[in-house]
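Everything below belongs to my_file03.txt, which stores compact mmCIF, C-alpha atoms.
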```
# COMPACT_ATOMS: atom_id res chain seq x y z
CA MET A 111 119.32 80.66 -114.82
CA SER A 112 122.39 81.72 -116.83
CA LEU A 113 125.97 80.62 -116.37
CA ARG A 114 129.05 82.78 -116.02
CA VAL A 115 132.40 81.18 -116.73
CA ARG A 116 135.70 82.65 -115.57
CA SER A 117 139.17 81.27 -115.11
CA CYS A 118 140.16 80.02 -111.72
CA ARG A 119 142.35 82.29 -109.57
CA ALA A 120 143.62 79.45 -107.43
CA HIS A 121 147.13 78.25 -108.10
CA SER A 122 146.23 74.76 -109.14
CA GLY A 123 145.69 76.63 -112.37
CA CYS A 124 143.86 74.17 -114.54
CA VAL A 125 140.12 74.29 -113.86
CA LEU A 126 137.36 76.56 -114.93
CA VAL A 127 134.98 77.75 -112.27
CA VAL A 128 131.34 77.90 -113.14
CA ASN A 129 129.30 80.33 -111.12
CA GLU A 130 125.59 80.15 -111.01
CA VAL A 131 124.04 83.53 -111.56
CA ASN A 132 120.65 83.63 -110.06
CA THR A 133 118.14 85.23 -112.35
CA GLU A 134 115.06 83.67 -110.86
CA PRO A 135 112.57 86.25 -109.62
CA GLU A 136 112.58 84.98 -106.03
CA GLY A 137 116.34 85.45 -105.76
CA ARG A 138 117.72 87.64 -103.02
CA ALA A 139 119.11 90.20 -105.48
CA ASN A 140 115.76 90.76 -107.14
CA MET A 141 113.71 91.23 -104.03
CA PRO A 142 112.32 94.68 -103.32
CA LYS A 143 114.51 96.74 -101.03
CA THR A 144 112.27 97.11 -98.01
CA SER A 145 112.76 97.02 -94.30
CA TYR A 146 110.38 94.12 -93.98
CA SER A 147 110.58 90.55 -95.24
CA LYS A 148 108.19 88.89 -97.64
CA PRO A 149 106.86 85.46 -96.77
CA SER A 150 107.77 82.70 -99.16
CA VAL A 151 107.96 78.95 -99.21
CA GLY A 152 111.50 77.66 -99.01
CA ALA A 153 112.71 80.96 -97.65
CA THR A 154 116.08 79.51 -96.84
CA GLY A 155 116.69 77.07 -99.66
CA LYS A 156 115.53 73.55 -100.26
CA THR A 157 115.79 71.97 -96.85
CA GLY A 158 115.17 68.53 -98.32
CA SER A 159 118.93 68.26 -98.79
CA TRP A 160 119.28 67.84 -95.00
CA ARG A 161 117.56 64.50 -95.10
CA THR A 162 119.23 61.17 -94.34
CA PHE A 163 116.12 59.02 -94.23
CA ASP A 164 113.16 59.38 -96.55
CA PRO A 165 109.66 58.81 -95.22
CA VAL A 166 107.74 56.49 -97.53
CA ILE A 167 104.00 56.02 -97.12
CA ASN A 168 102.53 52.60 -97.66
CA TYR A 169 99.30 53.64 -99.33
CA LYS A 170 97.78 50.16 -99.05
CA GLU A 171 97.88 50.37 -95.26
CA CYS A 172 97.12 54.09 -94.89
CA SER A 173 93.78 54.79 -93.22
CA LYS A 174 93.84 58.53 -94.15
CA CYS A 175 93.60 59.59 -90.52
CA ARG A 176 95.72 62.75 -91.18
CA THR A 177 97.76 62.37 -88.00
CA CYS A 178 101.02 62.73 -89.95
CA TRP A 179 99.76 65.93 -91.55
CA LEU A 180 98.87 67.34 -88.18
CA TYR A 181 102.17 66.74 -86.42
CA CYS A 182 104.57 67.39 -89.32
CA PRO A 183 106.70 70.33 -88.13
CA GLU A 184 107.73 71.24 -91.66
CA ALA A 185 104.22 71.47 -93.11
CA VAL A 186 105.37 69.37 -96.08
CA ILE A 187 102.51 66.89 -96.01
CA THR A 188 99.61 67.91 -98.23
CA LEU A 189 96.28 66.16 -98.33
CA GLU A 190 94.05 65.30 -101.21
CA ASP A 191 90.33 65.85 -100.83
CA ASP A 192 89.83 62.34 -99.50
CA GLY A 193 92.71 62.72 -97.06
CA THR A 194 95.43 60.83 -98.93
CA PRO A 195 98.73 62.33 -97.73
CA HIS A 196 101.58 63.32 -100.05
CA ILE A 197 105.05 64.32 -98.91
CA ASP A 198 106.94 67.19 -100.52
CA TYR A 199 110.47 65.80 -100.69
CA ASP A 200 111.91 69.18 -101.66
CA TYR A 201 111.50 70.45 -98.11
CA CYS A 202 111.08 67.34 -95.92
CA LYS A 203 113.98 67.16 -93.46
CA GLY A 204 113.37 63.50 -92.70
CA CYS A 205 112.88 63.91 -88.95
CA GLY A 206 110.62 60.85 -88.74
CA ILE A 207 107.90 62.36 -86.55
CA CYS A 208 105.27 61.21 -89.08
CA ALA A 209 106.55 57.62 -88.91
CA GLN A 210 106.49 57.75 -85.12
CA VAL A 211 102.98 59.20 -84.70
CA CYS A 212 101.33 57.11 -87.44
CA PRO A 213 98.79 54.93 -85.60
CA ARG A 214 99.10 52.13 -88.19
CA LYS A 215 102.87 52.49 -88.49
CA CYS A 216 102.60 52.54 -92.28
CA ILE A 217 105.28 55.17 -92.88
CA ASP A 218 108.75 53.68 -93.26
CA MET A 219 111.99 55.61 -93.01
CA VAL A 220 114.32 54.37 -95.73
CA ARG A 221 117.87 55.57 -96.34
CA LYS A 222 118.07 58.35 -98.92
CA GLY A 223 118.79 57.07 -102.39
CA THR A 224 117.16 53.70 -101.86
CA ARG A 225 113.62 55.00 -102.29
CA ASP A 226 111.88 53.78 -105.41
CA GLU A 227 110.51 57.02 -106.81
CA GLU A 228 108.20 55.35 -109.28
CA ASP A 229 106.50 53.63 -106.38
CA GLU A 230 105.05 56.95 -105.25
CA GLU A 231 101.79 56.93 -107.17
CA MET B 289 85.70 88.76 -88.24
CA THR B 290 85.65 86.11 -85.55
CA GLU B 291 86.50 82.67 -86.86
CA GLU B 292 85.87 79.50 -84.92
CA ALA B 293 88.86 77.66 -83.46
CA ALA B 294 89.52 74.47 -85.38
CA VAL B 295 89.41 71.67 -82.85
CA ARG B 296 88.25 68.85 -85.10
CA ILE B 297 90.59 67.69 -87.85
CA LYS B 298 87.87 68.43 -90.37
CA ASP B 299 87.89 72.10 -89.34
CA MET B 300 91.66 72.22 -89.19
CA LEU B 301 91.81 71.40 -92.89
CA GLU B 302 89.98 74.65 -93.60
CA LYS B 303 92.58 76.73 -91.78
CA ASP B 304 95.77 77.95 -93.42
CA GLU B 305 99.07 77.01 -91.87
CA ILE B 306 100.71 80.14 -90.54
CA LEU B 307 104.28 78.89 -90.99
CA SER B 308 105.36 77.86 -94.49
CA SER B 309 107.69 74.94 -95.18
CA GLY B 310 111.35 75.43 -95.95
CA HIS B 311 112.24 77.23 -92.72
CA ARG B 312 115.50 76.37 -90.95
CA MET B 313 114.32 74.85 -87.70
CA CYS B 314 116.18 71.62 -86.91
CA ALA B 315 114.65 68.37 -88.11
CA GLY B 316 112.37 67.04 -85.39
CA CYS B 317 111.96 70.32 -83.51
CA ALA B 318 108.50 70.57 -81.96
CA ALA B 319 108.30 74.38 -82.04
CA PRO B 320 106.91 74.58 -85.63
CA THR B 321 104.21 72.08 -84.62
CA ILE B 322 103.38 74.34 -81.68
CA VAL B 323 103.08 77.32 -84.03
CA LYS B 324 100.94 75.26 -86.39
CA LEU B 325 98.55 74.34 -83.58
CA MET B 326 98.55 77.96 -82.45
CA GLY B 327 97.44 78.92 -85.95
CA MET B 328 94.42 76.62 -85.65
CA ALA B 329 93.17 78.63 -82.66
CA LEU B 330 93.39 82.10 -84.23
CA ARG B 331 90.17 84.05 -84.67
CA GLY B 332 90.95 87.12 -86.78
CA PRO B 333 93.67 89.70 -87.43
CA THR B 334 96.70 88.71 -85.40
CA VAL B 335 100.16 90.13 -84.78
CA VAL B 336 103.02 88.07 -83.41
CA CYS B 337 105.86 89.69 -81.44
CA GLU B 338 108.74 87.39 -80.99
CA ALA B 339 111.73 87.48 -78.69
CA THR B 340 115.06 86.23 -79.95
CA GLY B 341 115.22 82.47 -79.87
CA CYS B 342 115.45 79.39 -82.05
CA LEU B 343 112.10 80.02 -83.64
CA GLU B 344 112.91 83.61 -84.51
CA VAL B 345 116.43 82.98 -85.80
CA ALA B 346 115.52 80.02 -87.95
CA THR B 347 112.25 81.19 -89.51
CA THR B 348 113.16 84.72 -90.51
CA ILE B 349 116.47 85.06 -92.24
CA TYR B 350 116.39 88.49 -93.88
CA PRO B 351 115.04 89.18 -96.50
CA TYR B 352 112.86 86.13 -96.18
CA THR B 353 110.31 85.00 -93.67
CA ALA B 354 108.35 81.79 -93.21
CA TRP B 355 105.53 83.54 -91.31
CA LYS B 356 102.34 84.21 -93.20
CA ILE B 357 100.93 86.58 -90.56
CA PRO B 358 102.27 89.97 -89.40
CA TRP B 359 105.30 89.35 -87.28
CA ILE B 360 107.82 91.54 -85.47
CA HIS B 361 111.15 90.58 -84.00
CA VAL B 362 112.42 92.22 -80.85
CA ALA B 363 115.33 91.60 -78.54
CA PHE B 364 115.54 88.84 -75.95
CA GLU B 365 114.36 90.96 -73.06
CA ASN B 366 111.46 93.04 -74.34
CA ALA B 367 108.99 90.92 -76.33
CA SER B 368 106.23 91.66 -73.81
CA ALA B 369 107.01 95.38 -73.72
CA VAL B 370 106.78 95.59 -77.51
CA ALA B 371 103.57 93.54 -77.49
CA SER B 372 102.11 96.10 -75.06
CA GLY B 373 103.15 98.85 -77.45
CA VAL B 374 101.50 97.10 -80.40
CA VAL B 375 98.22 96.82 -78.46
CA GLU B 376 98.29 100.53 -77.60
CA ALA B 377 99.27 101.56 -81.11
CA TYR B 378 96.37 99.70 -82.72
CA LYS B 379 93.98 101.16 -80.17
CA VAL B 380 95.08 104.71 -81.02
CA MET B 381 95.09 104.04 -84.76
CA HIS B 382 91.54 102.74 -84.56
CA GLN B 383 90.42 105.79 -82.57
CA LYS B 384 91.93 108.09 -85.19
CA GLY B 385 90.19 106.14 -87.94
CA ARG B 386 93.39 104.92 -89.54
CA PHE B 387 92.74 101.25 -88.89
CA GLU B 388 89.49 99.42 -89.60
CA HIS B 389 89.59 96.59 -87.04
CA GLU B 390 88.56 97.43 -83.54
CA HIS B 391 90.47 94.59 -82.01
CA VAL B 392 93.71 92.87 -83.00
CA ASP B 393 94.93 89.77 -81.21
CA VAL B 394 98.53 90.24 -80.13
CA ILE B 395 100.60 87.18 -79.35
CA ALA B 396 104.07 87.37 -77.83
CA ILE B 397 106.28 84.31 -78.19
CA GLY B 398 109.46 83.67 -76.30
CA GLY B 399 111.74 80.75 -75.72
CA ASP B 400 112.47 79.59 -72.20
CA GLY B 401 115.61 81.72 -71.94
CA GLY B 402 113.78 84.82 -73.09
CA THR B 403 110.92 84.18 -70.69
CA PHE B 404 112.24 82.50 -67.55
CA ASP B 405 115.42 84.57 -67.31
CA ILE B 406 116.08 87.51 -69.61
CA GLY B 407 112.61 88.76 -70.48
CA PHE B 408 111.08 88.08 -67.11
CA GLY B 409 111.12 91.70 -65.97
CA SER B 410 109.25 92.99 -68.99
CA LEU B 411 106.85 90.02 -68.87
CA SER B 412 106.03 90.83 -65.27
CA GLY B 413 105.53 94.48 -66.21
CA MET B 414 103.13 93.58 -69.00
CA LEU B 415 101.10 91.35 -66.68
CA GLU B 416 100.94 94.11 -64.10
CA ARG B 417 99.76 96.70 -66.67
CA GLY B 418 97.14 94.21 -67.84
CA HIS B 419 97.59 94.53 -71.60
CA ASP B 420 95.47 92.18 -73.68
CA VAL B 421 98.33 89.99 -74.92
CA VAL B 422 98.73 86.22 -75.04
CA TYR B 423 102.26 85.34 -74.06
CA MET B 424 103.37 81.88 -75.14
CA VAL B 425 106.63 80.30 -74.04
CA TYR B 426 107.95 77.28 -75.91
CA ASP B 427 110.10 75.61 -73.33
CA ASN B 428 112.94 73.47 -74.68
CA GLY B 429 114.85 73.45 -71.45
CA ALA B 430 117.96 75.50 -72.27
CA TYR B 431 119.36 78.23 -74.53
CA GLN B 432 119.40 75.79 -77.44
CA ASN B 433 119.84 78.52 -80.04
CA THR B 434 123.13 79.85 -78.71
CA GLY B 435 124.66 76.47 -77.92
CA ILE B 436 122.68 74.66 -75.22
CA GLN B 437 123.43 76.75 -72.15
CA ARG B 438 121.61 76.20 -68.89
CA SER B 439 118.51 78.33 -68.25
CA GLY B 440 115.93 78.71 -65.53
CA ALA B 441 113.84 76.07 -67.29
CA THR B 442 116.55 73.41 -67.31
CA LEU B 443 115.54 70.33 -65.34
CA PRO B 444 117.67 69.05 -62.48
CA GLY B 445 120.12 66.47 -63.75
CA GLN B 446 120.11 67.89 -67.28
CA GLU B 447 123.53 68.23 -68.88
CA THR B 448 124.16 71.45 -70.79
CA THR B 449 127.30 73.23 -71.92
CA THR B 450 127.26 75.36 -68.79
CA SER B 451 126.25 72.58 -66.41
CA TRP B 452 128.48 69.71 -67.42
CA ALA B 453 128.00 66.31 -65.87
CA GLY B 454 130.95 64.26 -64.72
CA LYS B 455 132.62 63.05 -61.58
CA VAL B 456 131.94 66.23 -59.65
CA SER B 457 128.50 67.32 -60.81
CA PRO B 458 125.35 65.52 -62.00
CA GLY B 459 124.48 68.29 -64.48
CA LYS B 460 122.20 71.03 -63.24
CA GLU B 461 121.68 70.62 -59.51
CA GLN B 462 118.89 73.12 -58.93
CA ARG B 463 115.18 72.80 -59.56
CA LYS B 464 113.22 74.26 -62.44
CA LYS B 465 111.48 77.61 -62.06
CA PRO B 466 107.70 77.07 -61.74
CA ILE B 467 106.98 79.78 -64.31
CA ALA B 468 103.26 79.09 -64.75
CA GLU B 469 102.67 79.48 -61.02
CA ILE B 470 104.86 82.58 -60.80
CA VAL B 471 102.83 84.14 -63.62
CA ALA B 472 99.56 83.01 -62.03
CA ALA B 473 100.62 84.82 -58.87
CA HIS B 474 100.17 88.09 -60.82
CA LYS B 475 96.42 87.31 -60.67
CA ILE B 476 96.02 87.49 -64.43
CA PRO B 477 92.83 86.06 -65.95
CA TYR B 478 94.26 82.95 -67.59
CA VAL B 479 97.34 80.74 -67.33
CA ALA B 480 97.66 77.29 -68.90
CA THR B 481 100.29 74.65 -69.58
CA VAL B 482 100.10 72.71 -72.85
CA SER B 483 101.87 69.96 -74.74
CA PRO B 484 101.88 69.73 -78.57
CA TYR B 485 101.05 66.03 -78.36
CA HIS B 486 97.64 66.77 -76.82
CA ARG B 487 96.45 68.84 -79.74
CA ARG B 488 92.80 69.29 -78.85
CA ASP B 489 93.69 70.44 -75.35
CA PHE B 490 96.31 72.79 -76.85
CA ILE B 491 93.94 74.48 -79.28
CA GLN B 492 91.11 74.83 -76.78
CA LYS B 493 93.41 76.42 -74.23
CA PHE B 494 94.96 78.77 -76.74
CA ARG B 495 91.57 79.89 -77.91
CA LYS B 496 90.51 80.49 -74.34
CA ALA B 497 93.66 82.56 -73.84
CA LEU B 498 92.81 84.71 -76.87
CA GLU B 499 89.24 85.22 -75.73
CA VAL B 500 89.86 86.44 -72.21
CA GLU B 501 90.11 90.16 -71.59
CA GLY B 502 93.55 91.02 -70.31
CA PRO B 503 96.83 89.12 -70.33
CA ALA B 504 97.05 85.35 -70.68
CA PHE B 505 100.00 83.02 -70.45
CA ILE B 506 100.63 79.68 -72.16
CA HIS B 507 103.50 77.39 -71.20
CA ALA B 508 104.22 74.81 -73.92
CA ILE B 509 106.80 72.07 -73.71
CA SER B 510 108.86 71.78 -76.88
CA PRO B 511 111.20 68.79 -77.21
CA CYS B 512 114.55 69.67 -78.83
CA PRO B 513 116.36 66.73 -80.44
CA ARG B 514 119.62 68.69 -80.75
CA GLY B 515 119.93 69.82 -77.16
CA TRP B 516 118.19 66.88 -75.52
CA ARG B 517 120.25 64.54 -77.70
CA SER B 518 117.24 62.45 -78.54
CA GLU B 519 116.10 60.88 -81.80
CA THR B 520 114.42 63.37 -84.10
CA GLY B 521 111.36 61.19 -84.56
CA LYS B 522 110.72 60.90 -80.83
CA SER B 523 109.79 64.54 -80.19
CA MET B 524 106.06 63.95 -79.95
CA GLU B 525 106.56 60.89 -77.79
CA LEU B 526 108.71 62.92 -75.39
CA ALA B 527 106.07 65.65 -75.28
CA LYS B 528 103.59 62.98 -74.26
CA LEU B 529 105.94 61.40 -71.71
CA ALA B 530 106.63 64.80 -70.13
CA VAL B 531 102.93 64.93 -69.25
CA GLU B 532 102.71 61.33 -68.10
CA THR B 533 105.77 61.53 -65.84
CA GLY B 534 104.54 64.72 -64.19
CA ILE B 535 107.45 66.82 -65.45
CA HIS B 536 105.06 69.03 -67.37
CA PRO B 537 101.57 68.54 -65.90
CA LEU B 538 98.68 70.10 -67.83
CA TYR B 539 96.50 72.53 -65.91
CA GLU B 540 94.80 75.90 -66.11
CA VAL B 541 94.69 78.72 -63.59
CA PHE B 542 91.88 81.27 -63.66
CA ASP B 543 92.45 84.68 -62.03
CA GLY B 544 95.46 83.33 -60.17
CA GLU B 545 93.30 81.38 -57.76
CA GLU B 546 91.21 78.71 -59.32
CA TYR B 547 93.38 75.75 -60.41
CA LYS B 548 91.89 73.24 -62.79
CA MET B 549 93.63 70.11 -63.97
CA SER B 550 93.15 69.27 -67.65
CA GLY B 551 91.98 65.97 -69.08
CA PRO B 552 95.28 64.33 -70.09
CA SER B 553 96.77 64.95 -66.64
CA LYS B 554 93.57 64.13 -64.79
CA ARG B 555 93.43 60.70 -66.36
CA ILE B 556 96.83 59.76 -64.93
CA LYS B 557 96.29 57.13 -62.21
CA GLU B 558 99.93 56.89 -61.28
CA LEU B 559 102.92 58.81 -62.61
CA THR B 560 105.17 57.02 -65.09
CA PRO B 561 108.68 56.60 -63.60
CA ILE B 562 110.96 59.44 -64.63
CA GLU B 563 113.42 56.92 -66.13
CA ASP B 564 111.09 56.39 -69.09
CA TYR B 565 111.41 60.06 -69.93
CA MET B 566 115.15 60.27 -69.31
CA LYS B 567 116.35 57.15 -71.09
CA PRO B 568 115.63 58.27 -74.69
CA GLN B 569 117.58 61.48 -74.03
CA GLY B 570 121.38 61.66 -74.19
CA GLN B 571 121.44 64.63 -71.83
CA PHE B 572 120.48 62.40 -68.88
CA ARG B 573 122.85 59.57 -69.89
CA HIS B 574 125.28 60.18 -67.03
CA LEU B 575 122.54 59.55 -64.42
CA PHE B 576 122.36 55.93 -65.58
CA LYS B 577 126.03 55.39 -66.39
CA ASP B 578 127.58 56.58 -63.17
CA PRO B 579 126.32 54.71 -60.05
CA GLN B 580 127.10 57.69 -57.78
CA TRP B 581 124.22 59.70 -59.31
CA GLU B 582 121.55 57.12 -58.52
CA GLY B 583 120.70 58.98 -55.34
CA PHE B 584 120.29 62.21 -57.29
CA ARG B 585 117.95 60.50 -59.70
CA GLU B 586 115.79 59.40 -56.80
CA GLN B 587 115.93 62.96 -55.48
CA ILE B 588 114.56 64.27 -58.80
CA GLN B 589 111.77 61.70 -58.69
CA THR B 590 110.91 62.80 -55.16
CA TRP B 591 110.81 66.46 -56.18
CA ILE B 592 108.51 65.69 -59.07
CA LYS B 593 106.21 63.59 -56.89
CA GLU B 594 106.05 66.37 -54.32
CA ASP B 595 105.15 68.94 -56.96
CA TRP B 596 102.54 66.60 -58.40
CA GLU B 597 100.88 66.00 -55.04
CA LEU B 598 100.88 69.73 -54.33
CA LEU B 599 99.33 70.46 -57.71
CA LYS B 600 96.68 67.81 -57.18
CA LYS B 601 95.78 69.41 -53.89
CA LYS B 602 95.54 72.86 -55.52
CA CYS B 603 93.31 71.48 -58.27
CA GLY B 604 91.20 69.60 -55.79
CA VAL B 605 91.70 66.24 -57.49
CA GLU B 606 91.13 63.23 -55.18
```
Reformat the file's structure so that it appears as structure tokens.
Amino acid sequence: MSLRVRSCRAHSGCVLVVNEVNTEPEGRANMPKTSYSKPSVGATGKTGSWRTFDPVINYKECSKCRTCWLYCPEAVITLEDDGTPHIDYDYCKGCGICAQVCPRKCIDMVRKGTRDEEDEE
Amino acid sequence: MTEEAAVRIKDMLEKDEILSSGHRMCAGCAAPTIVKLMGMALRGPTVVCEATGCLEVATTIYPYTAWKIPWIHVAFENASAVASGVVEAYKVMHQKGRFEHEHVDVIAIGGDGGTFDIGFGSLSGMLERGHDVVYMVYDNGAYQNTGIQRSGATLPGQETTTSWAGKVSPGKEQRKKPIAEIVAAHKIPYVATVSPYHRRDFIQKFRKALEVEGPAFIHAISPCPRGWRSETGKSMELAKLAVETGIHPLYEVFDGEEYKMSGPSKRIKELTPIEDYMKPQGQFRHLFKDPQWEGFREQIQTWIKEDWELLKKKCGVE
């Protein structure tokens, strides 16, 4: 990513506007000009920003039944080989279906920003 | 070429998800779960033709797409017609030696607006011509994509932006179109109703639909937190309650004649009162708030009981 700086055209007159210039390969401008679309993860941006409540798995209680993985509409839950679920917070919209379907009720929905990120592992 | 349908969770883990994350469906929408379960039932090369609807608009914003399998978008009214064309095109391409696979599974997906109302003519035409297509409708009870307008699939008593509830009207006053039975009346080989909550039943039925020769129809209920004004986390619970209350009974119809009730519905001893289904949804709020609509609520319950008894008789249960 590179930054382009130009002076503001608005009449408040005192701020600089910083535009992000997207130089990442998956950017819209760099996609091949075809009449068909290419599949990609996060096709419409990081939908994790929609979230109000974060799902947090209590790994001590989790029985690795994979029910959350099965019903997750966003396909953001990935499983380890032994079935331990992990949530991709970049794309999770925080709908809470996983917390609702969990047979042991070991997924808690906590308000965004209050999650202890070190707790994850 | 032919893969097994993944019915056990162990097998499901082997299958790739056909919809990637990061699409723009609303939080809590059940349609992506339906597509995910559909993906578990696939058996080989597959093409999806999709009518305009929530699922189409939100998963494929040009130049991106969340679909990992070949997918084509068509207008509201002609998903089935295009699906017929795709079947014919592959047949001809195979004959001319330009395409290696002898058979391609073609799935047409439509929302309830695109199936019950707008696309019904072309759906009926496809069924009559007998093209080998599986048509799946994800029924969220209104035109949720364009702003929650009333459709043929809207339940009586449901409040939408074109059937407001208030002092004069209790929301939609008419009954829901029995689409599965209308389609079954075309005498097509296979018709089934499914709910995403009952996943095993869903996958088995979808696989059966793919395997039959000729057209098949799947009617899936898809809770919509935005339009139903319910909590996002409750979608799967509502999908389960829709079956238990008899609003969306699960059954199969073979050749338009032989009705067979499926396990989850068969196990119901007595229907759950409709209030349990309505209370978590804001769109039925007026039926509880305003005492004058109590009679209408009872009327809905009576209609549902009637339909349930009729269905039980058709299926030969009890």
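A straight line drawn from atom CA of B:Ala329 to atom CA of B:Thr533 is 27.1 Å long.
Nearest residue to A:Cys208, choosing from A:Gly223, A:Glu171, A:Val166, A:Tyr181 and counting all atoms listed in the file: A:Tyr181.
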Expected answer as a count of residues only: chain B residues within 8 Å of chain A, only C-alpha atoms: 31
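What separates atom CA of B:Gly454 from atom CA of B:Asp578 is a distance of 8.5 Å.
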Counting all atoms listed in the file, the option among B:His382, B:His507, B:Arg331, B:Lys600 closest to B:Glu291: B:Arg331
Atom CA of B:Leu443 to atom CA of B:Lys528, distance in Å rounded to a single decimal: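 Result for atom CA of B:Leu443 versus atom CA of B:Lys528: 16.6 Å, one decimal.
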Which residue of B:Gly399, B:Pro333, B:Gly445, B:Gly418 approaches B:Trp516 most closely, using all atoms listed in the file: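 For B:Trp516, the nearest of the given residues is B:Gly445.
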Selection: 12 Å around B:Ile397, all atoms listed in the file, excl. self and same-chain fewer than 3 positions, as a PyMOL selection string: chain B and resi 319+322-323+326+335-344+359-371+394+400-403+407+411+421-427+504-508
List the spatial neighbours of A:Met219 as a JSON list (two decimals) with C-alpha atoms, in the coordinates of the input - criterion: any atom at most 6 Å away, all atoms listed in the file, same-chain residues fewer than 3 positions off excluded.
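Ended up saving to out09.json:
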```json
[["chain", "number", "residue", "atom", "x", "y", "z"],
["A", 163, "PHE", "CA", 116.12, 59.02, -94.23],
["A", 164, "ASP", "CA", 113.16, 59.38, -96.55],
["A", 165, "PRO", "CA", 109.66, 58.81, -95.22]]
```
